[in-house]
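Source file: protein-v6.pdb (PDB, C-alpha atoms)
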```
ATOM      1  CA  MET E   1       4.908  29.906  -4.469
ATOM      2  CA  SER E   2       2.402  29.149  -1.734
ATOM      3  CA  HIS E   3       2.041  25.504  -0.777
ATOM      4  CA  ARG E   4      -1.633  26.210  -0.176
ATOM      5  CA  LEU E   5      -2.106  25.822  -3.935
ATOM      6  CA  ILE E   6      -1.178  22.131  -3.867
ATOM      7  CA  ASN E   7      -4.489  20.314  -4.131
ATOM      8  CA  MET E   8      -3.507  17.086  -5.843
ATOM      9  CA  LYS E   9      -1.220  14.088  -5.537
ATOM     10  CA  VAL E  10       1.626  13.847  -8.073
ATOM     11  CA  THR E  11       3.627  10.628  -8.412
ATOM     12  CA  PRO E  12       6.854  10.479 -10.442
ATOM     13  CA  THR E  13       7.399   7.452 -12.669
ATOM     14  CA  SER E  14      10.535   5.614 -13.792
ATOM     15  CA  LEU E  15      10.711   7.931 -16.835
ATOM     16  CA  PRO E  16      11.851  11.492 -16.110
ATOM     17  CA  ASP E  17       9.081  14.083 -16.367
ATOM     18  CA  VAL E  18       6.280  11.524 -16.924
ATOM     19  CA  LEU E  19       3.935  12.068 -13.991
ATOM     20  CA  ILE E  20       0.800  10.440 -12.612
ATOM     21  CA  ILE E  21      -1.543  13.107 -11.273
ATOM     22  CA  GLU E  22      -4.529  12.649  -8.978
ATOM     23  CA  PRO E  23      -6.502  15.888  -8.661
ATOM     24  CA  ARG E  24      -8.485  16.194  -5.461
ATOM     25  CA  ALA E  25     -12.219  15.585  -5.826
ATOM     26  CA  PHE E  26     -14.753  17.157  -3.487
ATOM     27  CA  GLU E  27     -17.566  14.644  -2.994
ATOM     28  CA  ASP E  28     -20.944  14.799  -1.352
ATOM     29  CA  LYS E  29     -24.387  13.277  -1.863
ATOM     30  CA  ARG E  30     -24.801  15.208  -5.142
ATOM     31  CA  GLY E  31     -21.677  13.702  -6.715
ATOM     32  CA  PHE E  32     -18.252  15.301  -6.940
ATOM     33  CA  PHE E  33     -16.395  18.335  -8.245
ATOM     34  CA  MET E  34     -12.750  18.503  -9.290
ATOM     35  CA  GLU E  35     -10.471  20.836 -11.175
ATOM     36  CA  THR E  36      -8.973  18.887 -14.090
ATOM     37  CA  TYR E  37      -6.408  21.602 -14.784
ATOM     38  CA  HIS E  38      -5.190  24.601 -12.804
ATOM     39  CA  GLN E  39      -2.153  26.302 -14.305
ATOM     40  CA  LYS E  40      -0.580  27.521 -11.054
ATOM     41  CA  ARG E  41      -0.984  24.137  -9.346
ATOM     42  CA  TYR E  42       0.518  22.224 -12.251
ATOM     43  CA  GLU E  43       3.425  24.673 -12.490
ATOM     44  CA  GLN E  44       4.434  23.618  -8.969
ATOM     45  CA  PHE E  45       5.326  20.241 -10.484
ATOM     46  CA  ASN E  46       7.204  21.669 -13.507
ATOM     47  CA  ILE E  47       4.232  21.252 -15.825
ATOM     48  CA  ASP E  48       4.717  24.789 -17.020
ATOM     49  CA  CYS E  49       3.762  24.344 -20.670
ATOM     50  CA  ILE E  50       0.978  26.117 -22.500
ATOM     51  CA  PHE E  51      -1.821  23.867 -23.730
ATOM     52  CA  VAL E  52      -3.310  24.999 -27.047
ATOM     53  CA  GLN E  53      -5.608  22.141 -28.119
ATOM     54  CA  ASP E  54      -7.993  19.760 -26.357
ATOM     55  CA  ASN E  55      -8.781  16.385 -27.958
ATOM     56  CA  PHE E  56     -11.638  14.026 -27.155
ATOM     57  CA  SER E  57     -11.885  10.415 -28.300
ATOM     58  CA  HIS E  58     -14.596   7.820 -27.860
ATOM     59  CA  SER E  59     -13.522   4.188 -28.274
ATOM     60  CA  VAL E  60     -14.935   0.727 -27.670
ATOM     61  CA  HIS E  61     -13.371  -2.145 -25.742
ATOM     62  CA  GLY E  62     -10.169  -3.539 -27.250
ATOM     63  CA  ILE E  63      -9.269  -0.478 -29.317
ATOM     64  CA  LEU E  64      -5.599   0.505 -29.204
ATOM     65  CA  ARG E  65      -4.567   3.967 -30.374
ATOM     66  CA  GLY E  66      -0.869   4.691 -30.846
ATOM     67  CA  LEU E  67       1.988   4.922 -30.499
ATOM     68  CA  HIS E  68       1.994   8.493 -31.878
ATOM     69  CA  TYR E  69       4.324  11.484 -31.792
ATOM     70  CA  GLN E  70       5.034  14.680 -33.710
ATOM     71  CA  LEU E  71       8.590  15.712 -34.587
ATOM     72  CA  GLN E  72       8.616  19.340 -35.763
ATOM     73  CA  TYR E  73       5.569  20.273 -33.675
ATOM     74  CA  PRO E  74       6.032  18.115 -30.571
ATOM     75  CA  GLN E  75       3.131  17.730 -28.188
ATOM     76  CA  ALA E  76       3.206  17.287 -24.451
ATOM     77  CA  LYS E  77      -0.093  15.768 -23.342
ATOM     78  CA  LEU E  78      -2.194  15.733 -20.190
ATOM     79  CA  VAL E  79      -4.455  12.683 -20.523
ATOM     80  CA  GLN E  80      -7.516  11.571 -18.547
ATOM     81  CA  ALA E  81     -10.385   9.141 -18.975
ATOM     82  CA  VAL E  82     -13.639  10.950 -18.260
ATOM     83  CA  HIS E  83     -15.650   7.760 -18.804
ATOM     84  CA  GLY E  84     -14.425   4.170 -18.697
ATOM     85  CA  ALA E  85     -10.943   2.763 -18.187
ATOM     86  CA  ILE E  86      -7.772   2.740 -20.277
ATOM     87  CA  PHE E  87      -4.177   1.611 -20.029
ATOM     88  CA  ASP E  88      -2.114   4.631 -21.064
ATOM     89  CA  VAL E  89       1.490   4.332 -22.277
ATOM     90  CA  ALA E  90       4.405   6.702 -22.831
ATOM     91  CA  VAL E  91       7.618   5.577 -24.580
ATOM     92  CA  ASP E  92      10.831   7.607 -24.478
ATOM     93  CA  ILE E  93      11.953   7.955 -28.108
ATOM     94  CA  ARG E  94      14.368  10.876 -27.615
ATOM     95  CA  ARG E  95      17.747  10.323 -29.277
ATOM     96  CA  GLY E  96      20.463  10.413 -26.620
ATOM     97  CA  SER E  97      18.097   9.955 -23.682
ATOM     98  CA  PRO E  98      19.341   7.710 -20.855
ATOM     99  CA  THR E  99      15.900   6.040 -20.907
ATOM    100  CA  PHE E 100      15.609   5.722 -24.704
ATOM    101  CA  GLY E 101      13.218   2.902 -25.650
ATOM    102  CA  LYS E 102      11.826   2.552 -22.114
ATOM    103  CA  TRP E 103       8.113   2.761 -21.405
ATOM    104  CA  ILE E 104       5.728   3.469 -18.568
ATOM    105  CA  GLY E 105       2.081   2.430 -18.356
ATOM    106  CA  ALA E 106      -0.710   3.607 -16.074
ATOM    107  CA  TYR E 107      -4.299   2.537 -15.520
ATOM    108  CA  ILE E 108      -6.500   5.605 -15.625
ATOM    109  CA  SER E 109     -10.259   5.668 -15.365
ATOM    110  CA  ASP E 110     -13.280   7.660 -14.354
ATOM    111  CA  LYS E 111     -13.112   5.773 -11.038
ATOM    112  CA  ASN E 112      -9.520   6.585 -10.016
ATOM    113  CA  ARG E 113      -9.644  10.014 -11.746
ATOM    114  CA  ARG E 114      -5.942   9.875 -12.525
ATOM    115  CA  GLN E 115      -4.201  11.840 -15.231
ATOM    116  CA  ILE E 116      -0.890  11.131 -16.918
ATOM    117  CA  PHE E 117       1.419  13.910 -18.087
ATOM    118  CA  VAL E 118       3.422  12.865 -21.160
ATOM    119  CA  PRO E 119       6.194  15.348 -22.081
ATOM    120  CA  GLU E 120       7.376  16.249 -25.562
ATOM    121  CA  GLY E 121       9.654  13.642 -27.121
ATOM    122  CA  PHE E 122       7.607  10.639 -26.040
ATOM    123  CA  ALA E 123       5.413   8.388 -28.149
ATOM    124  CA  HIS E 124       1.951   7.994 -26.646
ATOM    125  CA  GLY E 125      -0.842   5.464 -26.915
ATOM    126  CA  PHE E 126      -3.596   3.766 -24.973
ATOM    127  CA  CYS E 127      -5.892   0.758 -25.089
ATOM    128  CA  VAL E 128      -9.483   0.565 -23.887
ATOM    129  CA  LEU E 129     -10.310  -1.841 -21.058
ATOM    130  CA  SER E 130     -13.947  -0.957 -20.387
ATOM    131  CA  GLU E 131     -16.945  -1.448 -22.675
ATOM    132  CA  THR E 132     -16.376   2.096 -23.958
ATOM    133  CA  ALA E 133     -14.049   4.914 -22.937
ATOM    134  CA  ASP E 134     -14.087   8.662 -23.422
ATOM    135  CA  VAL E 135     -10.591  10.124 -23.252
ATOM    136  CA  LEU E 136      -9.846  13.829 -23.006
ATOM    137  CA  TYR E 137      -6.330  15.158 -23.433
ATOM    138  CA  LYS E 138      -4.727  18.552 -23.589
ATOM    139  CA  CYS E 139      -1.860  19.184 -26.064
ATOM    140  CA  THR E 140       0.868  21.814 -26.195
ATOM    141  CA  ASP E 141       0.864  22.079 -29.991
ATOM    142  CA  PHE E 142      -1.690  21.658 -32.729
ATOM    143  CA  TYR E 143      -2.210  18.376 -34.521
ATOM    144  CA  ALA E 144      -0.131  18.381 -37.721
ATOM    145  CA  PRO E 145      -1.007  15.322 -39.853
ATOM    146  CA  ASP E 146       2.049  15.720 -42.093
ATOM    147  CA  ASP E 147       4.313  15.760 -39.037
ATOM    148  CA  GLU E 148       2.893  12.716 -37.277
ATOM    149  CA  GLY E 149       5.114   9.716 -36.703
ATOM    150  CA  GLY E 150       4.561   6.470 -34.918
ATOM    151  CA  ILE E 151       6.114   3.382 -33.386
ATOM    152  CA  LEU E 152       4.610  -0.094 -33.710
ATOM    153  CA  TRP E 153       2.522  -0.860 -30.620
ATOM    154  CA  SER E 154       3.968  -4.380 -30.369
ATOM    155  CA  ASP E 155       7.640  -3.495 -30.918
ATOM    156  CA  PRO E 156       9.397  -6.480 -29.255
ATOM    157  CA  ASN E 157      12.434  -4.413 -28.267
ATOM    158  CA  ILE E 158      10.246  -2.047 -26.267
ATOM    159  CA  GLY E 159       8.159  -4.890 -24.850
ATOM    160  CA  ILE E 160       5.073  -3.042 -23.644
ATOM    161  CA  ASP E 161       2.981  -5.318 -21.458
ATOM    162  CA  TRP E 162      -0.406  -4.352 -22.888
ATOM    163  CA  PRO E 163      -3.323  -5.780 -20.878
ATOM    164  CA  ILE E 164      -5.156  -6.837 -24.063
ATOM    165  CA  ILE E 165      -3.953  -9.586 -26.398
ATOM    166  CA  ASP E 166      -5.496  -8.901 -29.793
ATOM    167  CA  PRO E 167      -6.316  -5.182 -30.030
ATOM    168  CA  MET E 168      -8.241  -3.455 -32.790
ATOM    169  CA  LEU E 169      -6.019  -0.974 -34.639
ATOM    170  CA  SER E 170      -6.340   1.549 -37.421
ATOM    171  CA  ASP E 171      -4.542   0.638 -40.650
ATOM    172  CA  LYS E 172      -2.061   3.432 -39.955
ATOM    173  CA  ASP E 173      -1.260   2.260 -36.431
ATOM    174  CA  SER E 174      -0.783  -1.354 -37.534
ATOM    175  CA  GLN E 175       1.868  -0.363 -40.099
ATOM    176  CA  TYR E 176       4.195   1.791 -38.015
ATOM    177  CA  PRO E 177       7.833   0.624 -37.837
ATOM    178  CA  CYS E 178       9.695  -0.672 -34.815
ATOM    179  CA  LEU E 179      11.745   1.968 -33.025
ATOM    180  CA  LYS E 180      15.066   0.522 -34.273
ATOM    181  CA  ASP E 181      13.872   0.964 -37.874
ATOM    182  CA  VAL E 182      12.995   4.663 -37.565
ATOM    183  CA  PRO E 183      15.734   6.888 -39.086
ATOM    184  CA  ARG E 184      17.521   8.838 -36.345
ATOM    185  CA  GLU E 185      16.607  12.145 -37.959
ATOM    186  CA  ASP E 186      12.924  11.181 -37.591
ATOM    187  CA  LEU E 187      13.200  10.967 -33.795
ATOM    188  CA  PRO E 188      13.204  13.852 -31.320
ATOM    189  CA  LEU E 189      16.464  14.919 -29.723
ATOM    190  CA  TYR E 190      16.921  14.568 -25.963
ATOM    191  CA  SER E 191      17.394  17.738 -23.971
ATOM    192  CA  VAL E 192      17.143  18.360 -20.250
ATOM    193  CA  ARG E 193      13.934  20.202 -19.391
ATOM    194  CA  GLY E 194      14.474  23.789 -18.377
ATOM    195  CA  LEU E 195      17.723  24.228 -20.325
TER     196      LEU E 195
END
```
Same coordinates, now as structure tokens:
Amino acid sequence: MSHRLINMKVTPTSLPDVLIIEPRAFEDKRGFFMETYHQKRYEQFNIDCIFVQDNFSHSVHGILRGLHYQLQYPQAKLVQAVHGAIFDVAVDIRRGSPTFGKWIGAYISDKNRRQIFVPEGFAHGFCVLSETADVLYKCTDFYAPDDEGGILWSDPNIGIDWPIIDPMLSDKDSQYPCLKDVPREDLPLYSVRGL
């Protein structure tokens, strides 16, 4: 594949396949233009999934959403903040993974224009740092409410260093179990991508 397609910076994280993406923006006195997704460019970095649903959320400062996952209909996600700033988190919850229970966090905002790619098999969540935030994310499977699972945002064994102390949560998110209390059969199974 031609290297001329590469038009963005991609930074690996400490968790395999979780990537921080910085699409190139073309700026002038009118503002800027950027491609937020280009299939051929993303395929160069092994993001070769098919996105089938786009989600948009609007949240106020201090809201924390997560940590969510789907088991039978797993979703990889490509997340960006189109307005405001968030701290976005991915937790490896794949049974048998060498990084099981580990997390990565990234600050993404309309200013840094970063995206985070969260593969299938990871729990995902974010908290809002700005007055409000509009978050847009692409998913590789449809939302299935009966298939949704979650991990408690403050699980002490995971130890996420959230940048807010007393977040606002939905009732559902505040009642999720710690990872150690989730039955093994309710967690995704680790497999090496591409096999």
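Counting all atoms listed in the file and comparing E:Ser130, E:Pro12, E:Leu64, E:Phe32, the residue that lies closest to Asp166 of chain E is E:Leu64.
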*Using all atoms listed in the file, which of the listed residues (E:Ser14, E:Ser191, E:Ser59, E:Gln44) sits closest to Ser97 of chain E?*
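Closest residue, counting all atoms listed in the file: E:Ser191.
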_As a check of understanding, name the residues that the PyMOL selection byres ((chain E and resi 49) around 12) selects in the supplied structure, as a ChimeraX atom specification._
/E:38-40,42-48,50-52,74-78,117-120,138-141,193-194
- Query: Around (6.2, 9.9, -5.0) in the file's own coordinates, what residues are found within 12 Å if you use all atoms listed in the file, given back as a PyMOL selection string?
  - Reply: chain E and resi 9-14+19-22+45
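The smallest atom-to-atom distance between Asp92 of chain E and any of E:Asp134, E:Asn7, E:Leu15, E:Val128, using all atoms listed in the file, is found for E:Leu15.
Across the structure, atom CA of Asp54 of chain E and atom CA of Tyr37 of chain E are spaced 11.8 Å apart.
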For Asn157 of chain E: contacts at 9 Å, only C-alpha atoms, fewer than 5 positions along chain excluded, given as a compact mmCIF listing (two decimals) with C-alpha atoms, in the frame of the given file:
```txt
# COMPACT_ATOMS: atom_id res chain seq x y z
CA GLY E 101 13.22 2.90 -25.65
CA CYS E 178 9.70 -0.67 -34.82
CA LEU E 179 11.74 1.97 -33.02
CA LYS E 180 15.07 0.52 -34.27
```
The residue from E:Arg95, E:Ala81, E:Gln70, E:Phe33 with the smallest atom-to-atom distance to His58 of chain E, counting all atoms listed in the file, is E:Ala81
Margin query: List as a VMD selection string the protein and nucleic acid residues near Trp162 of chain E, meaning an atom at most 9 Å away when all atoms listed in the file are counted, but skip any in the same chain fewer than 2 places from it.
Written below: chain E and resid 87 89 105 126 to 127 153 to 154 159 to 160 164 to 165
Which residues are near Arg94 of chain E? Cut-off 8 Å, only C-alpha atoms, ignore same chain within fewer than 6 positions. Put them as a PyMOL selection string. chain E and resi 100+121-122+187-190
For C-alpha atoms, I'd like the residues from the last selection saved as a short mmCIF file (atom, residue, chain, number, x, y, z; two decimals), keeping the file's coordinate frame.
```cif
data_model
loop_
_atom_site.label_atom_id
_atom_site.label_comp_id
_atom_site.auth_asym_id
_atom_site.auth_seq_id
_atom_site.Cartn_x
_atom_site.Cartn_y
_atom_site.Cartn_z
CA PHE E 100 15.61 5.72 -24.70
CA GLY E 121 9.65 13.64 -27.12
CA PHE E 122 7.61 10.64 -26.04
CA LEU E 187 13.20 10.97 -33.80
CA PRO E 188 13.20 13.85 -31.32
CA LEU E 189 16.46 14.92 -29.72
CA TYR E 190 16.92 14.57 -25.96
#
```
Sel. within 10 Å of pt (11.0, 2.0, -37.5), counting all atoms listed in the file, output as a list of chain:residue names
E:Gly149, E:Gly150, E:Ile151, E:Leu152, E:Asp155, E:Gln175, E:Tyr176, E:Pro177, E:Cys178, E:Leu179, E:Lys180, E:Asp181, E:Val182, E:Pro183, E:Arg184, E:Asp186, E:Leu187
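Interatomic distance, atom CA of Leu169 of chain E to atom CA of Gly125 of chain E: 11.3 Å.
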At what distance in Å, to one decimal, does atom CA of Glu148 of chain E lie from atom CA of Asp110 of chain E?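 Straight-line distance from atom CA of Asp110 of chain E to atom CA of Glu148 of chain E works out to 28.5 Å.
Minimum distance to Met168 of chain E across E:Gly66, E:Pro145, E:Gly84, E:Pro156 (counting only C-alpha atoms) occurs at E:Gly66.
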Around segment 12-24 of chain E, fit a box with edges along x, y and z, padding it by 5 Å on each side, then list its centre and edge lengths in Å to one decimal as lines of an AutoDock Vina configuration file.
```
center_x = 1.7
center_y = 10.9
center_z = -11.2
size_x = 30.3
size_y = 20.6
size_z = 21.5
```
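Minimum atom-to-atom distances from E:Ile104, E:Met8, E:Val18, E:Val135 to Val82 of chain E were compared using all atoms listed in the file, and the lowest value belongs to E:Val135.
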Item to complete: Convert the output of the PyMOL selection byres ((chain E and resi 55) around 7) on the shown file into explicit residues, formatted as a VMD selection string.
Response: chain E and resid 53 to 54 56 to 57 136 to 138
